[in-house]
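Okay, structure first, notes after.
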Amino acid sequence: MPGATPAATIPAATIIIMRDRPDGPSDILMVERAGAMAFAPGAMVFPGGRVDPADRTFALALGWTDIDEGAARIAAIRETIEEAGLPIGVTPLPDAAAIATMRAALHGGAPLSAALAAAGATLALDDLVAFARWRPDHMPVRRFDTRFYLARLPAAASPPQVDGTENVRLCWASARAVLADADAGRLAIIFPTRCNLERLARFADHAAAVAHARATPVRMVAPWTERRDGKDWLCIPDDLGYPVTAHPLDEVRRG
């Protein structure tokens, strides 16, 4: 609302998991958020969530000097295990039984460090490639500062599974297919997801997306509203790798 104090910023992180295909563009893992969730209910998103204090403690123990960056990578890995049962950034790769045990421990409140230790595994945080950082400022209650990472699906990974609480469905689809389904009204996506899918749709595989990410500086994206020819548009900077930098405000879902 006009004049309202901006909501406190909540650090969060998400992983864009890519599964290369020999016959077409890479698939991306999308999860549908449960309808009862306060943020983006019913929307298709990349797996992820907020950074917890234990993630920061773990980053400090691992020797990260940039605690915010280390904690975000740890949170992204933890949330992906919790939400989809995929051990992205975990080495050696746990089998399905070990992942189920880790997932149950995390759902029970155990920190990721303890779940990894019980599985005899460690983190490979360099498996995550920084892609973007978004902080939409329009939310009056929750304002997320979300870091997006790219990662390749390990060849031997077990199939992902929904958690049945925060998310109720998951699917693999190309960025273009998700955008087409959203435009046809078959699914819902929020504005940051749309923009990142539009950016990813230009690349044939994980390697091409990573090359682009490493050549493109990561800078905070804070969308703003701009009046153009009598219509409100939601805009983002034009120098951060996004092919579409403005959408009609009345055509996008913001949260």
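Numbering starts fresh at 1 for the residues of each chain in the structure tokens, the chains themselves are lettered A, B, ... in the order given, and ligands are numbered from 1 as they appear.
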- Once DSSP has gone over the backbone, tell me which residues of stretch 42-178 of chain A are in strand (DSSP E or B), as a VMD selection string. chain A and resid 44 to 45 48 to 50 90 to 91 122 to 123 129 to 134 143 to 152 167 to 173
- Task: Name the residues in contact with stretch 109-122 of chain A at a cut-off of 9 Å, using only C-alpha atoms, excluding same-chain residues fewer than 2 positions from it; report them as an MDAnalysis selection string.
- Result: chainID A and resid 54:55 58 74:75 77:78 89:94 98:99 101:107 124
- For atom CA of A:Ala13 and atom CA of A:Asp232, quote the distance in Å rounded to one decimal. 29.0 Å
Produce a table with one row for each residue of stretch 75-130 of chain A that has an atom at most 12 Å from any atom of stretch 201-225 of chain A, each row naming the nearest atom pair and its distance in Å at one decimal; use only C-alpha atoms; arrange rows by chain and rising residue number; format as CSV.
residue,atom,partner,partner_atom,distance
A:Asp127,CA,A:Val210,CA,10.9
A:Leu128,CA,A:Val210,CA,9.8
A:Val129,CA,A:Val210,CA,6.9
A:Ala130,CA,A:Ala213,CA,6.9
- Query: Which residue gives the smallest distance to A:Ala100 among A:Gln161, A:Ala61, A:Leu153, A:Arg147, with only C-alpha atoms counted?
  - Reply: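 Among A:Gln161, A:Ala61, A:Leu153, A:Arg147, it is A:Gln161 that comes nearest to A:Ala100.
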Using DSSP secondary structure from the backbone, list all alpha helix (DSSP H) positions within stretch 10-190 of chain A, as a JSON list (two decimals) with C-alpha atoms, in the first residue's frame.
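File produced: out.json:
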[["chain", "number", "residue", "atom", "x", "y", "z"],
["A", 53, "PRO", "CA", 19.93, -20.04, 10.90],
["A", 54, "ALA", "CA", 21.38, -23.58, 10.83],
["A", 55, "ASP", "CA", 22.37, -23.02, 7.19],
["A", 56, "ARG", "CA", 24.43, -20.01, 8.23],
["A", 57, "THR", "CA", 26.04, -21.97, 11.06],
["A", 58, "PHE", "CA", 26.96, -24.74, 8.60],
["A", 59, "ALA", "CA", 28.43, -22.22, 6.13],
["A", 60, "LEU", "CA", 30.58, -20.78, 8.90],
["A", 61, "ALA", "CA", 31.76, -24.27, 9.90],
["A", 67, "ILE", "CA", 28.34, -16.43, 4.85],
["A", 68, "ASP", "CA", 25.27, -15.22, 2.97],
["A", 69, "GLU", "CA", 26.39, -16.94, -0.24],
["A", 70, "GLY", "CA", 27.43, -20.16, 1.50],
["A", 71, "ALA", "CA", 24.23, -20.32, 3.54],
["A", 72, "ALA", "CA", 22.11, -19.76, 0.41],
["A", 73, "ARG", "CA", 23.80, -22.66, -1.40],
["A", 74, "ILE", "CA", 23.32, -24.90, 1.63],
["A", 75, "ALA", "CA", 19.66, -23.88, 1.96],
["A", 76, "ALA", "CA", 19.05, -24.56, -1.74],
["A", 77, "ILE", "CA", 20.47, -28.07, -1.39],
["A", 78, "ARG", "CA", 18.55, -28.75, 1.82],
["A", 79, "GLU", "CA", 15.26, -27.51, 0.42],
["A", 80, "THR", "CA", 15.68, -29.57, -2.75],
["A", 81, "ILE", "CA", 16.15, -32.72, -0.68],
["A", 82, "GLU", "CA", 13.13, -31.84, 1.45],
["A", 83, "GLU", "CA", 10.84, -30.89, -1.44],
["A", 84, "ALA", "CA", 11.90, -33.28, -4.20],
["A", 96, "ALA", "CA", 17.29, -43.96, -2.66],
["A", 97, "ALA", "CA", 17.17, -45.42, 0.85],
["A", 98, "ALA", "CA", 19.78, -43.01, 2.18],
["A", 99, "ILE", "CA", 17.97, -40.06, 0.60],
["A", 100, "ALA", "CA", 14.69, -41.17, 2.19],
["A", 101, "THR", "CA", 16.41, -41.27, 5.57],
["A", 102, "MET", "CA", 17.98, -37.85, 5.05],
["A", 103, "ARG", "CA", 14.68, -36.41, 3.93],
["A", 104, "ALA", "CA", 12.84, -37.77, 6.95],
["A", 105, "ALA", "CA", 15.50, -36.34, 9.25],
["A", 106, "LEU", "CA", 15.24, -32.90, 7.62],
["A", 107, "HIS", "CA", 11.44, -32.97, 7.83],
["A", 112, "LEU", "CA", 21.53, -30.65, 7.01],
["A", 113, "SER", "CA", 24.96, -31.09, 8.58],
["A", 114, "ALA", "CA", 23.65, -33.86, 10.85],
["A", 115, "ALA", "CA", 21.71, -35.57, 8.06],
["A", 116, "LEU", "CA", 24.80, -35.57, 5.85],
["A", 117, "ALA", "CA", 27.00, -36.93, 8.62],
["A", 118, "ALA", "CA", 24.59, -39.79, 9.25],
["A", 119, "ALA", "CA", 24.70, -40.65, 5.53],
["A", 175, "ALA", "CA", 11.41, -23.88, -20.31],
["A", 176, "ARG", "CA", 9.45, -23.21, -23.49],
["A", 177, "ALA", "CA", 6.87, -25.89, -22.65],
["A", 178, "VAL", "CA", 6.28, -24.44, -19.17],
["A", 179, "LEU", "CA", 5.85, -20.96, -20.63],
["A", 180, "ALA", "CA", 3.43, -22.27, -23.25],
["A", 181, "ASP", "CA", 1.35, -24.05, -20.61],
["A", 182, "ALA", "CA", 1.30, -20.90, -18.47],
["A", 183, "ASP", "CA", 0.20, -18.75, -21.42]]
- Note on the structure: Min atom-atom distance to A:Ile10 from the set A:Asp23, A:Asp95, A:Glu32, A:Asp145, counting only C-alpha atoms, belongs to A:Asp145
- Message: To one decimal place in Å, what is the distance between atom CA of A:Val168 and atom CA of A:Arg33?
- Response: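 That distance, rounded to one decimal, is 6.3 Å.
Using only C-alpha atoms for every distance, the candidate list A:Val51, A:Ile28, A:Ala184, A:Ala43 yields A:Ile28 as the residue closest to A:Ala151.
Nearest residue to A:Phe144, choosing from A:Pro25, A:Pro237, A:Gly48, A:Gly63 and counting only C-alpha atoms: A:Gly48.
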- Two-atom distance - atom CA of A:Leu125, atom CA of A:Leu29 (Å):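 Computing it gives 19.2 Å between the two atoms.
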- Might you pull out every residue within 10 Å of A:Glu226, with only C-alpha atoms counted and same-chain residues fewer than 4 positions away left off, and present them as a list in words?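 Near A:Glu226, the qualifying residues are Gly230, Lys231, Asp232, Trp233, Leu234, Cys235, Ala246, Pro248 and Leu249 of chain A.
Closest to A:Gly185 among A:Val244, A:Val252, A:Leu200, A:Ala155 is A:Val252, based on only C-alpha atoms.
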